[in-house]
Amino acid sequence: MESNSDIKRQLSDMLSNRYELDFVDTIEEATSRLMKKGVYSAVLLDAFREKDNSDGFDFLNEIKRDVYAHPPVMAIMEEYDSRMSRRVIAAGAEEFVLCPLDEIVLCNRLKNVIARSNIFNIDSTRYILKYDTLTGLFNRHTMFMETNKMLHNNSDNRFCIAIIDLKRFSLYNSTFGEHEGDLLLCKVADLIKYSLRNTSICTYGRIAADVFALCLPYDKEAITEQLLMIKKNIKNIRNDYIVEASTGIYVVYKLNDTIESMFYKARKAANKQKTEFIEDVVIYDCVMEEMASNEQLVNNEMKRALEDGQFAVYLQPKVSLNTGKIYGAEALARWIHPTRGILQPSTFIPIFEKNGFISKLDFYMWESVCKIIKRWIENGIEPTPISVNMSRISLYNPNVSDMFEALIQKYDIPSKYIGIEITESAYMDHPELMKNTLHRLKQLGFIVMMDDFGSGYSSLNTLKEFDIDVVKIDMKFLPQTDNKEKGQIILSAMVEMVDSLKIESVIEGVETEEQKKYLKDIGCNMAQGYYFSRPVPVAEYEKKILYKCS
Ligand code: C2E
Ligand code: CA
Ligand code: CA
C-alpha cells in the first residue's frame with residue numbers, strides 16, 4: 001500500500017503468482033479497505049520515506065485501536081536505519097523488509113508474518129469465545145458450561161447460584177457515557193473476584209450486559225453476607241451516584257434440572273427483589289418454583305384449553321347506589337381446568353400477556369359476550385350492558401375496531417350493550433393509535449371505558465383528549481394510609497373532576513357497607529365490588545337480573 005510505481009512493479013513481479021495483491025495510494029483508502037474484515041492476510045506498508053513525519057505511523061496508530069481485527073503489517077524501509085526500524089516495530093508493525101527488495105527475503109518474511117498472525121488469531125478467537133473481553137470473567141456460555149461441570153464433579157456438595165444484576169445500567173451509560181459504563185462493569189467484576197478470593201471451588205462470570213453470576217458452595221449466612229458486602233461496595237463505587245444492584249439466589253438441590261433453568265431461577269429471584277423492592281437477598285423458594293411450574297403448565301395447555309372451551313365468562317354486577325339495581329356487568333375470564341379447578345385470572349392472564357396469547361383469549365371473551373347478549377334478546381330478556389376487557393396487545397392491533405364491528409354484525413346485536421374497558425396505562429403508550437381506535441369504537445356506538453383510573457399517571461389531559469364514556473376507579477388504588485380521610489378526599493376529588501368533564505364514573509372494589517355509604521355521600525352512583533356480588537357464572541347472573549335483586 002502507498003507505493004511508488006517502482007516498488008509497485010517489484011511487488012507485483014515477486015508476489016503476484018503467490019498472493020492476490022491490492023494496491024492503494026493513500027492511507028485513508030488503506031484504512032477504509034481494512035474495515036472489510038477478514039479480506040486481507042497482510043499489509044505491506046511503504047510509507048516511511050520522510051523520516052520523522054511519516055504517514056506510516058499515523059496508519060499504524062489508526063489500526064492499533066482495533067486489537068483483534070487487523071491483519072499484520074510489514075513495513076518496507078528504504079534503507080537500514082536502526083532507530084527508524086525500532087520505531088516502526090514499536091508502532092505496531094510486525095516485520096520489515098529493506099529496499100532494494102529481495103524476492104526470497106520478502107516472500108519468507110511475508111509467509112512468516114502471516115503464519116504468526118494466524119496463530120495469534122486462533123488464540124484470540126479462543127479467548128473471545130471463552131471469556132468476556134471487557135471484564136476478563138467467563139462469558140455466559142463458558143459460565144454455564146463450567147458451572148455444569150463443577151456441579152457434576154462435586155455432586156456431594158450443595159451449591160447455589162447467585163445473580164448480581166445492576167439496576168438502571170442503561171441510565172448510568174447514558175449519564176456518564178459508555179466508557180464509564182465499561183469501567184463500572186470492570187469494577188463490579190473485580191469486586192466479585194475479590195469476594196471469591198478464598199473460595200476454592202466456584203465459578204463466576206458475566207452472563208448478560210449488566211448481569212453477573214457466581215456459583216459456589218451454599219451456606220445461607222455466608223452467601224447472604226457476601227452478597228450484601230458486594231452490594232455495599234458497588235454502592236460506594238462513585239460518590240456522586242449510587243449504583244444499585246439486585247441479587248437473587250437459587251439453591252441447587254437436584255442436578256437433573258438443566259443449567260439454563262438453574263440460572264433462570266436465580267435471575268427470577270433477583271428480579272423479584274428488583275420489582276418488589278425487597279432489601280435483602282432473595283432466595284428462590286417453593287412459591288417461585290410453583291410460579292415457574294404454573295407458567296410452564298399454562299404455556300403447554302392454553303391452546304388446547306381454548307379449543308376445548310375451558311375458559312368461561314363470569315359476570316360481576318355493576319350496581320346503582322341510588323336504586324340498588326343491577327344495571328350492567330363486567331365479563332371476567334375464569335379457566336375451568338379439568339384437574340386444577342377454577343383458575344383465577346392472576347394465574348394465567350400475566351402469562352398470556354407475556355406470550356401474546358391474551359389476544360386470542362380477549363377475542364374469545366368478546367365473542368362469548370356477544371353470544372350471551374344475543375341469547376338474552378332471543379329469549380325476551382332485556383339485556384344489561386356487559387363490558388369486556390381489552391388487553392394492551394389487542395389494543396395495538398389497528399383492526400380491533402373492525403373486529404368489534406364484525407362481531408356485532410355477525411350476532412346482529414346493538415353495540416350499546418357492549419362496554420370496552422381499556423386500562424389507563426395503555427393510553428399513553430401509543431396516543432395517536434389509541435385516539436383513532438377509541439374514536440372509531442365510540443362512533444360505532446360501543447361504551448368506551450377507562451379502567452383502573454388512578455393506578456398510573458392519571459392526568460386530566462388523558463381524560464380530555466380521548467373519547468371516553470366511563471371512568472372506572474378502583475378503591476384499591478387509593479392511598480392506603482392510616483389516615484382514611486386522605487383516601488376519601490382524593491376519591492371525591494377524582495369523582496368530581498370526572499363528573500365535570502361529563503364522564504361517568506364507576507367505583508370498583510367496594511367491599512364494605514361503610515365504603516358504600518361514603519360513595520353515596522359524595523354523589524357517586526355506580527359501583528362494583530364484592531360487597532354487592534363476586535363475579536358469578538352467567539346462569540347465576542341471569543337469575544339475579546331476572547329477579548331484579550342485587
Ligand atoms: P380488572 O379488569 O380490574 O377487574 C376487576 C378485578 O377486581 C377482578 O379480578 C374482580 O374479580 C376484582 N374485584 C371485584 N370486586 C372486588 C372487590 O370488592 N375487592 C377486590 N379485592 N377485588 C374485586 P379478577 O377477575 O381476578 O381479574 C383480574 C384482572 O384480570 C382484571 O382486572 C383484568 O385486568 C384481567 N382480566 C380478567 N378477565 C380478563 C379478560 O377476559 N381479558 C383481559 N384482557 N383481562 C382480563
Ligand atoms: Ca376491567
Ligand atoms: Ca379495574
# chains A, B, ... in the order shown; residues from 1 in each chain; ligands from 1
>>> residues_near_ligand(ligand="ligand 2", cutoff="6 Å", atoms="only C-alpha atoms and all ligand atoms", output="PyMOL selection string")
chain A and resi 389+421+451
>>> residues_around(residues="Phe159 in chain A", least_positions_apart="5", cutoff="6 Å", atoms="only C-alpha atoms", output="PDB file with all heavy atoms, in the first residue's frame")
ATOM      1  N   LEU A 216     -21.205 -21.136  43.926  1.00  0.00           N
ATOM      2  CA  LEU A 216     -20.279 -21.523  44.997  1.00  0.00           C
ATOM      3  C   LEU A 216     -21.006 -22.400  45.999  1.00  0.00           C
ATOM      4  O   LEU A 216     -22.249 -22.446  45.993  1.00  0.00           O
ATOM      5  CB  LEU A 216     -19.694 -20.277  45.669  1.00  0.00           C
ATOM      6  CG  LEU A 216     -20.607 -19.347  46.454  1.00  0.00           C
ATOM      7  CD1 LEU A 216     -19.783 -18.388  47.275  1.00  0.00           C
ATOM      8  CD2 LEU A 216     -21.518 -18.560  45.543  1.00  0.00           C
ATOM      9  N   PRO A 217     -20.294 -23.105  46.859  1.00  0.00           N
ATOM     10  CA  PRO A 217     -20.970 -23.941  47.851  1.00  0.00           C
ATOM     11  C   PRO A 217     -21.935 -23.108  48.693  1.00  0.00           C
ATOM     12  O   PRO A 217     -21.631 -21.957  49.015  1.00  0.00           O
ATOM     13  CB  PRO A 217     -19.811 -24.465  48.703  1.00  0.00           C
ATOM     14  CG  PRO A 217     -18.645 -24.459  47.773  1.00  0.00           C
ATOM     15  CD  PRO A 217     -18.842 -23.260  46.906  1.00  0.00           C
ATOM     16  N   TYR A 218     -23.094 -23.723  49.017  1.00  0.00           N
ATOM     17  CA  TYR A 218     -24.164 -22.953  49.665  1.00  0.00           C
ATOM     18  C   TYR A 218     -24.022 -22.953  51.174  1.00  0.00           C
ATOM     19  O   TYR A 218     -23.970 -24.001  51.817  1.00  0.00           O
ATOM     20  CB  TYR A 218     -25.520 -23.559  49.277  1.00  0.00           C
ATOM     21  CG  TYR A 218     -26.695 -22.866  49.909  1.00  0.00           C
ATOM     22  CD1 TYR A 218     -26.892 -21.505  49.731  1.00  0.00           C
ATOM     23  CD2 TYR A 218     -27.625 -23.571  50.673  1.00  0.00           C
ATOM     24  CE1 TYR A 218     -27.981 -20.859  50.303  1.00  0.00           C
ATOM     25  CE2 TYR A 218     -28.714 -22.939  51.241  1.00  0.00           C
ATOM     26  CZ  TYR A 218     -28.886 -21.582  51.056  1.00  0.00           C
ATOM     27  OH  TYR A 218     -29.956 -20.941  51.614  1.00  0.00           O
ATOM     28  N   VAL A 252     -29.139 -25.150  44.479  1.00  0.00           N
ATOM     29  CA  VAL A 252     -29.221 -26.323  43.597  1.00  0.00           C
ATOM     30  C   VAL A 252     -29.451 -27.567  44.447  1.00  0.00           C
ATOM     31  O   VAL A 252     -28.528 -28.069  45.082  1.00  0.00           O
ATOM     32  CB  VAL A 252     -27.917 -26.473  42.790  1.00  0.00           C
ATOM     33  CG1 VAL A 252     -28.023 -27.634  41.805  1.00  0.00           C
ATOM     34  CG2 VAL A 252     -27.590 -25.179  42.064  1.00  0.00           C
TER      35      VAL A 252
END
>>> closest_atom_pairs(of="range 241-335 of chain A", to="range 382-388 of chain A", cutoff="9 Å", atoms="only C-alpha atoms", output="tab-separated table")
residue	atom	partner	partner_atom	distance
A:Leu315	CA	A:Ile386	CA	8.2
A:Ile326	CA	A:Thr384	CA	8.1
A:Tyr327	CA	A:Thr384	CA	5.8
A:Gly328	CA	A:Thr384	CA	4.7
A:Ala329	CA	A:Ile386	CA	4.8
A:Glu330	CA	A:Ser387	CA	4.7
A:Ala331	CA	A:Val388	CA	5.3
A:Leu332	CA	A:Val388	CA	7.4
>>> residues_near_ligand(ligand="ligand 1", cutoff="6 Å", atoms="only C-alpha atoms and all ligand atoms", output="PDB file with N, CA, C and O atoms, in the first residue's frame")
ATOM      1  N   LEU A 332     -65.463 -11.291  33.234  1.00  0.00           N
ATOM      2  CA  LEU A 332     -64.118 -11.631  33.689  1.00  0.00           C
ATOM      3  C   LEU A 332     -63.851 -13.105  33.374  1.00  0.00           C
ATOM      4  O   LEU A 332     -64.734 -13.942  33.530  1.00  0.00           O
ATOM      5  N   ALA A 333     -62.652 -13.388  32.924  1.00  0.00           N
ATOM      6  CA  ALA A 333     -62.357 -14.750  32.482  1.00  0.00           C
ATOM      7  C   ALA A 333     -62.039 -15.663  33.656  1.00  0.00           C
ATOM      8  O   ALA A 333     -61.404 -15.255  34.626  1.00  0.00           O
ATOM      9  N   GLN A 344     -58.069 -18.496  38.715  1.00  0.00           N
ATOM     10  CA  GLN A 344     -58.318 -17.049  38.671  1.00  0.00           C
ATOM     11  C   GLN A 344     -57.407 -16.408  37.613  1.00  0.00           C
ATOM     12  O   GLN A 344     -56.325 -16.914  37.339  1.00  0.00           O
ATOM     13  N   PRO A 345     -57.823 -15.243  37.071  1.00  0.00           N
ATOM     14  CA  PRO A 345     -57.010 -14.591  36.033  1.00  0.00           C
ATOM     15  C   PRO A 345     -55.554 -14.343  36.443  1.00  0.00           C
ATOM     16  O   PRO A 345     -54.674 -14.387  35.606  1.00  0.00           O
ATOM     17  N   SER A 346     -55.306 -14.115  37.738  1.00  0.00           N
ATOM     18  CA  SER A 346     -53.923 -13.808  38.118  1.00  0.00           C
ATOM     19  C   SER A 346     -52.981 -14.974  37.836  1.00  0.00           C
ATOM     20  O   SER A 346     -51.782 -14.775  37.716  1.00  0.00           O
ATOM     21  N   ASP A 362     -58.871 -12.678  24.618  1.00  0.00           N
ATOM     22  CA  ASP A 362     -59.706 -11.476  24.521  1.00  0.00           C
ATOM     23  C   ASP A 362     -60.820 -11.681  23.499  1.00  0.00           C
ATOM     24  O   ASP A 362     -61.990 -11.475  23.790  1.00  0.00           O
ATOM     25  N   MET A 365     -63.475 -14.003  24.612  1.00  0.00           N
ATOM     26  CA  MET A 365     -64.356 -13.401  25.619  1.00  0.00           C
ATOM     27  C   MET A 365     -65.351 -12.452  24.947  1.00  0.00           C
ATOM     28  O   MET A 365     -66.536 -12.445  25.262  1.00  0.00           O
ATOM     29  N   ASN A 389     -62.895  -6.739  28.780  1.00  0.00           N
ATOM     30  CA  ASN A 389     -61.568  -6.149  28.956  1.00  0.00           C
ATOM     31  C   ASN A 389     -60.782  -6.247  27.658  1.00  0.00           C
ATOM     32  O   ASN A 389     -60.905  -7.221  26.919  1.00  0.00           O
ATOM     33  N   MET A 390     -60.006  -5.202  27.396  1.00  0.00           N
ATOM     34  CA  MET A 390     -59.165  -5.241  26.209  1.00  0.00           C
ATOM     35  C   MET A 390     -57.716  -5.074  26.659  1.00  0.00           C
ATOM     36  O   MET A 390     -57.364  -4.096  27.302  1.00  0.00           O
ATOM     37  N   SER A 391     -56.907  -6.081  26.329  1.00  0.00           N
ATOM     38  CA  SER A 391     -55.510  -6.013  26.758  1.00  0.00           C
ATOM     39  C   SER A 391     -54.742  -5.067  25.826  1.00  0.00           C
ATOM     40  O   SER A 391     -55.198  -4.725  24.746  1.00  0.00           O
ATOM     41  N   GLY A 509     -64.232  -2.405  43.410  1.00  0.00           N
ATOM     42  CA  GLY A 509     -63.532  -2.865  44.609  1.00  0.00           C
ATOM     43  C   GLY A 509     -64.233  -2.439  45.890  1.00  0.00           C
ATOM     44  O   GLY A 509     -63.607  -2.303  46.938  1.00  0.00           O
ATOM     45  N   VAL A 510     -65.546  -2.228  45.805  1.00  0.00           N
ATOM     46  CA  VAL A 510     -66.289  -1.828  47.005  1.00  0.00           C
ATOM     47  C   VAL A 510     -66.565  -3.077  47.849  1.00  0.00           C
ATOM     48  O   VAL A 510     -67.182  -4.024  47.371  1.00  0.00           O
ATOM     49  N   GLU A 511     -66.067  -3.089  49.063  1.00  0.00           N
ATOM     50  CA  GLU A 511     -66.152  -4.311  49.868  1.00  0.00           C
ATOM     51  C   GLU A 511     -67.013  -4.166  51.120  1.00  0.00           C
ATOM     52  O   GLU A 511     -67.446  -5.165  51.686  1.00  0.00           O
ATOM     53  N   GLY A 529     -68.305  -4.439  43.183  1.00  0.00           N
ATOM     54  CA  GLY A 529     -67.408  -4.958  44.216  1.00  0.00           C
ATOM     55  C   GLY A 529     -68.007  -6.126  44.948  1.00  0.00           C
ATOM     56  O   GLY A 529     -69.189  -6.436  44.801  1.00  0.00           O
ATOM     57  N   TYR A 530     -67.164  -6.790  45.750  1.00  0.00           N
ATOM     58  CA  TYR A 530     -67.596  -7.982  46.475  1.00  0.00           C
ATOM     59  C   TYR A 530     -68.779  -7.687  47.396  1.00  0.00           C
ATOM     60  O   TYR A 530     -69.561  -8.559  47.711  1.00  0.00           O
ATOM     61  N   PRO A 535     -67.755 -11.961  41.064  1.00  0.00           N
ATOM     62  CA  PRO A 535     -68.058 -12.383  39.694  1.00  0.00           C
ATOM     63  C   PRO A 535     -68.696 -13.770  39.750  1.00  0.00           C
ATOM     64  O   PRO A 535     -68.229 -14.627  40.495  1.00  0.00           O
TER      65      PRO A 535
END
>>> atom_distance(atom1="CA of Ala493 in chain A", atom2="CA of Ile468 in chain A")
18.6 Å
>>> closest_atom_pairs(of="chain A", to="ligand 3", cutoff="10 Å", atoms="only C-alpha atoms and all ligand atoms", output="CSV")
residue,atom,partner,partner_atom_place_in_ligand_line,distance
A:Glu330,CA,ligand 3,1 (Ca),9.6
A:Asn389,CA,ligand 3,1 (Ca),9.0
A:Glu421,CA,ligand 3,1 (Ca),8.2
A:Ile422,CA,ligand 3,1 (Ca),8.9
A:Thr423,CA,ligand 3,1 (Ca),7.3
A:Glu424,CA,ligand 3,1 (Ca),9.3
A:Met450,CA,ligand 3,1 (Ca),8.6
A:Asp451,CA,ligand 3,1 (Ca),4.9
A:Asp452,CA,ligand 3,1 (Ca),4.4
A:Phe453,CA,ligand 3,1 (Ca),7.8
A:Ser455,CA,ligand 3,1 (Ca),9.3
A:Val471,CA,ligand 3,1 (Ca),9.7
A:Lys472,CA,ligand 3,1 (Ca),6.5
A:Ile473,CA,ligand 3,1 (Ca),7.1
A:Asp474,CA,ligand 3,1 (Ca),5.9
A:Met475,CA,ligand 3,1 (Ca),9.4
A:Lys476,CA,ligand 3,1 (Ca),9.5
A:Phe477,CA,ligand 3,1 (Ca),9.6
A:Val506,CA,ligand 3,1 (Ca),9.8
A:Ile507,CA,ligand 3,1 (Ca),9.1
A:Glu508,CA,ligand 3,1 (Ca),6.9
A:Gly509,CA,ligand 3,1 (Ca),8.3
A:Gln528,CA,ligand 3,1 (Ca),9.8
>>> atom_distance(atom1="CA of Met428 in chain A", atom2="CA of Ile447 in chain A")
19.8 Å
>>> closest_residue(among="A:Ile377, A:Cys524, A:Met403, A:Ile230", to="Tyr417 in chain A", atoms="only C-alpha atoms")
A:Ile377
>>> select_by_dssp(residues="range 88-332 of chain A", states="alpha helix (DSSP H)", output="ChimeraX atom specification")
/A:88-90,103-130,140-153,169-176,178-195,220-235,259-276,286-307
>>> decode(residues="range 278-399 of chain A", atoms="C-alpha atoms", output="compact mmCIF listing (two decimals), in the first residue's frame")
# COMPACT_ATOMS: atom_id res chain seq x y z
CA ILE A 278 -37.12 -6.23 48.94
CA GLU A 279 -33.99 -5.10 50.77
CA ASP A 280 -32.23 -8.37 51.46
CA VAL A 281 -31.08 -11.12 49.20
CA VAL A 282 -33.94 -13.10 47.67
CA ILE A 283 -33.67 -16.88 47.65
CA TYR A 284 -35.61 -18.75 45.01
CA ASP A 285 -38.20 -20.65 47.01
CA CYS A 286 -41.11 -23.00 46.61
CA VAL A 287 -43.54 -20.17 45.85
CA MET A 288 -41.37 -19.12 42.95
CA GLU A 289 -40.89 -22.74 41.97
CA GLU A 290 -44.64 -23.09 41.87
CA MET A 291 -44.99 -19.95 39.77
CA ALA A 292 -42.44 -21.25 37.32
CA SER A 293 -44.11 -24.63 37.03
CA ASN A 294 -47.50 -22.94 36.69
CA GLU A 295 -46.09 -20.86 33.86
CA GLN A 296 -44.93 -23.98 32.12
CA LEU A 297 -48.29 -25.70 32.55
CA VAL A 298 -50.16 -22.65 31.29
CA ASN A 299 -47.90 -22.37 28.27
CA ASN A 300 -48.35 -26.03 27.43
CA GLU A 301 -52.08 -26.20 27.90
CA MET A 302 -53.54 -22.85 26.84
CA LYS A 303 -54.19 -23.64 23.17
CA ARG A 304 -55.98 -26.92 23.92
CA ALA A 305 -57.93 -25.25 26.72
CA LEU A 306 -59.27 -22.56 24.40
CA GLU A 307 -60.24 -25.12 21.75
CA ASP A 308 -61.92 -27.30 24.41
CA GLY A 309 -63.94 -24.39 25.76
CA GLN A 310 -62.30 -24.44 29.21
CA PHE A 311 -62.45 -20.65 29.50
CA ALA A 312 -65.66 -19.31 30.95
CA VAL A 313 -67.21 -15.88 31.24
CA TYR A 314 -68.02 -14.82 34.79
CA LEU A 315 -70.09 -11.72 35.27
CA GLN A 316 -69.68 -9.24 38.09
CA PRO A 317 -72.69 -6.94 38.51
CA LYS A 318 -72.42 -3.18 38.45
CA VAL A 319 -74.94 -1.66 40.79
CA SER A 320 -76.71 1.67 41.06
CA LEU A 321 -76.27 3.05 44.57
CA ASN A 322 -79.47 5.04 44.29
CA THR A 323 -81.79 2.23 43.31
CA GLY A 324 -79.79 -0.82 44.36
CA LYS A 325 -80.47 -2.32 40.95
CA ILE A 326 -78.05 -4.08 38.64
CA TYR A 327 -77.58 -2.03 35.52
CA GLY A 328 -74.75 -3.95 33.90
CA ALA A 329 -71.81 -6.28 34.40
CA GLU A 330 -68.16 -6.80 33.70
CA ALA A 331 -67.10 -10.01 31.99
CA LEU A 332 -64.12 -11.63 33.69
CA ALA A 333 -62.36 -14.75 32.48
CA ARG A 334 -62.11 -17.94 34.51
CA TRP A 335 -60.26 -21.05 33.43
CA ILE A 336 -62.30 -24.11 34.40
CA HIS A 337 -59.40 -26.51 34.44
CA PRO A 338 -60.19 -30.26 34.28
CA THR A 339 -57.76 -31.16 37.09
CA ARG A 340 -56.75 -27.91 38.79
CA GLY A 341 -60.21 -26.49 39.40
CA ILE A 342 -61.28 -22.90 38.70
CA LEU A 343 -58.23 -20.79 37.97
CA GLN A 344 -58.32 -17.05 38.67
CA PRO A 345 -57.01 -14.59 36.03
CA SER A 346 -53.92 -13.81 38.12
CA THR A 347 -52.63 -17.33 37.43
CA PHE A 348 -52.87 -17.08 33.64
CA ILE A 349 -53.50 -13.51 32.37
CA PRO A 350 -49.98 -12.20 33.13
CA ILE A 351 -48.52 -15.24 31.34
CA PHE A 352 -50.81 -14.71 28.33
CA GLU A 353 -49.77 -11.08 28.24
CA LYS A 354 -46.17 -12.19 28.10
CA ASN A 355 -46.60 -14.84 25.41
CA GLY A 356 -49.16 -12.98 23.31
CA PHE A 357 -51.98 -15.49 23.77
CA ILE A 358 -54.04 -12.81 25.51
CA SER A 359 -55.30 -11.52 22.16
CA LYS A 360 -56.84 -14.95 21.47
CA LEU A 361 -58.48 -15.06 24.90
CA ASP A 362 -59.71 -11.48 24.52
CA PHE A 363 -61.42 -12.26 21.25
CA TYR A 364 -62.94 -15.40 22.71
CA MET A 365 -64.36 -13.40 25.62
CA TRP A 366 -65.74 -10.69 23.32
CA GLU A 367 -67.43 -13.24 21.13
CA SER A 368 -68.82 -15.14 24.15
CA VAL A 369 -70.32 -11.91 25.46
CA CYS A 370 -71.95 -11.20 22.08
CA LYS A 371 -73.47 -14.69 22.19
CA ILE A 372 -74.85 -14.08 25.70
CA ILE A 373 -76.49 -10.82 24.65
CA LYS A 374 -77.85 -12.42 21.52
CA ARG A 375 -79.40 -15.21 23.59
CA TRP A 376 -80.97 -12.72 26.01
CA ILE A 377 -82.53 -10.81 23.15
CA GLU A 378 -83.86 -14.02 21.62
CA ASN A 379 -85.31 -15.11 24.97
CA GLY A 380 -87.00 -11.80 25.58
CA ILE A 381 -84.73 -10.76 28.44
CA GLU A 382 -83.91 -7.04 28.38
CA PRO A 383 -80.07 -7.11 28.15
CA THR A 384 -77.96 -5.22 30.67
CA PRO A 385 -74.77 -3.93 29.06
CA ILE A 386 -71.69 -6.11 29.58
CA SER A 387 -68.22 -4.70 29.47
CA VAL A 388 -65.24 -6.69 28.25
CA ASN A 389 -61.57 -6.15 28.96
CA MET A 390 -59.17 -5.24 26.21
CA SER A 391 -55.51 -6.01 26.76
CA ARG A 392 -52.72 -3.80 25.52
CA ILE A 393 -51.78 -6.21 22.75
CA SER A 394 -55.31 -6.26 21.34
CA LEU A 395 -55.39 -2.53 21.53
CA TYR A 396 -52.29 -2.18 19.38
CA ASN A 397 -54.00 -4.14 16.64
CA PRO A 398 -55.14 -1.38 14.25
CA ASN A 399 -58.04 -3.59 13.12
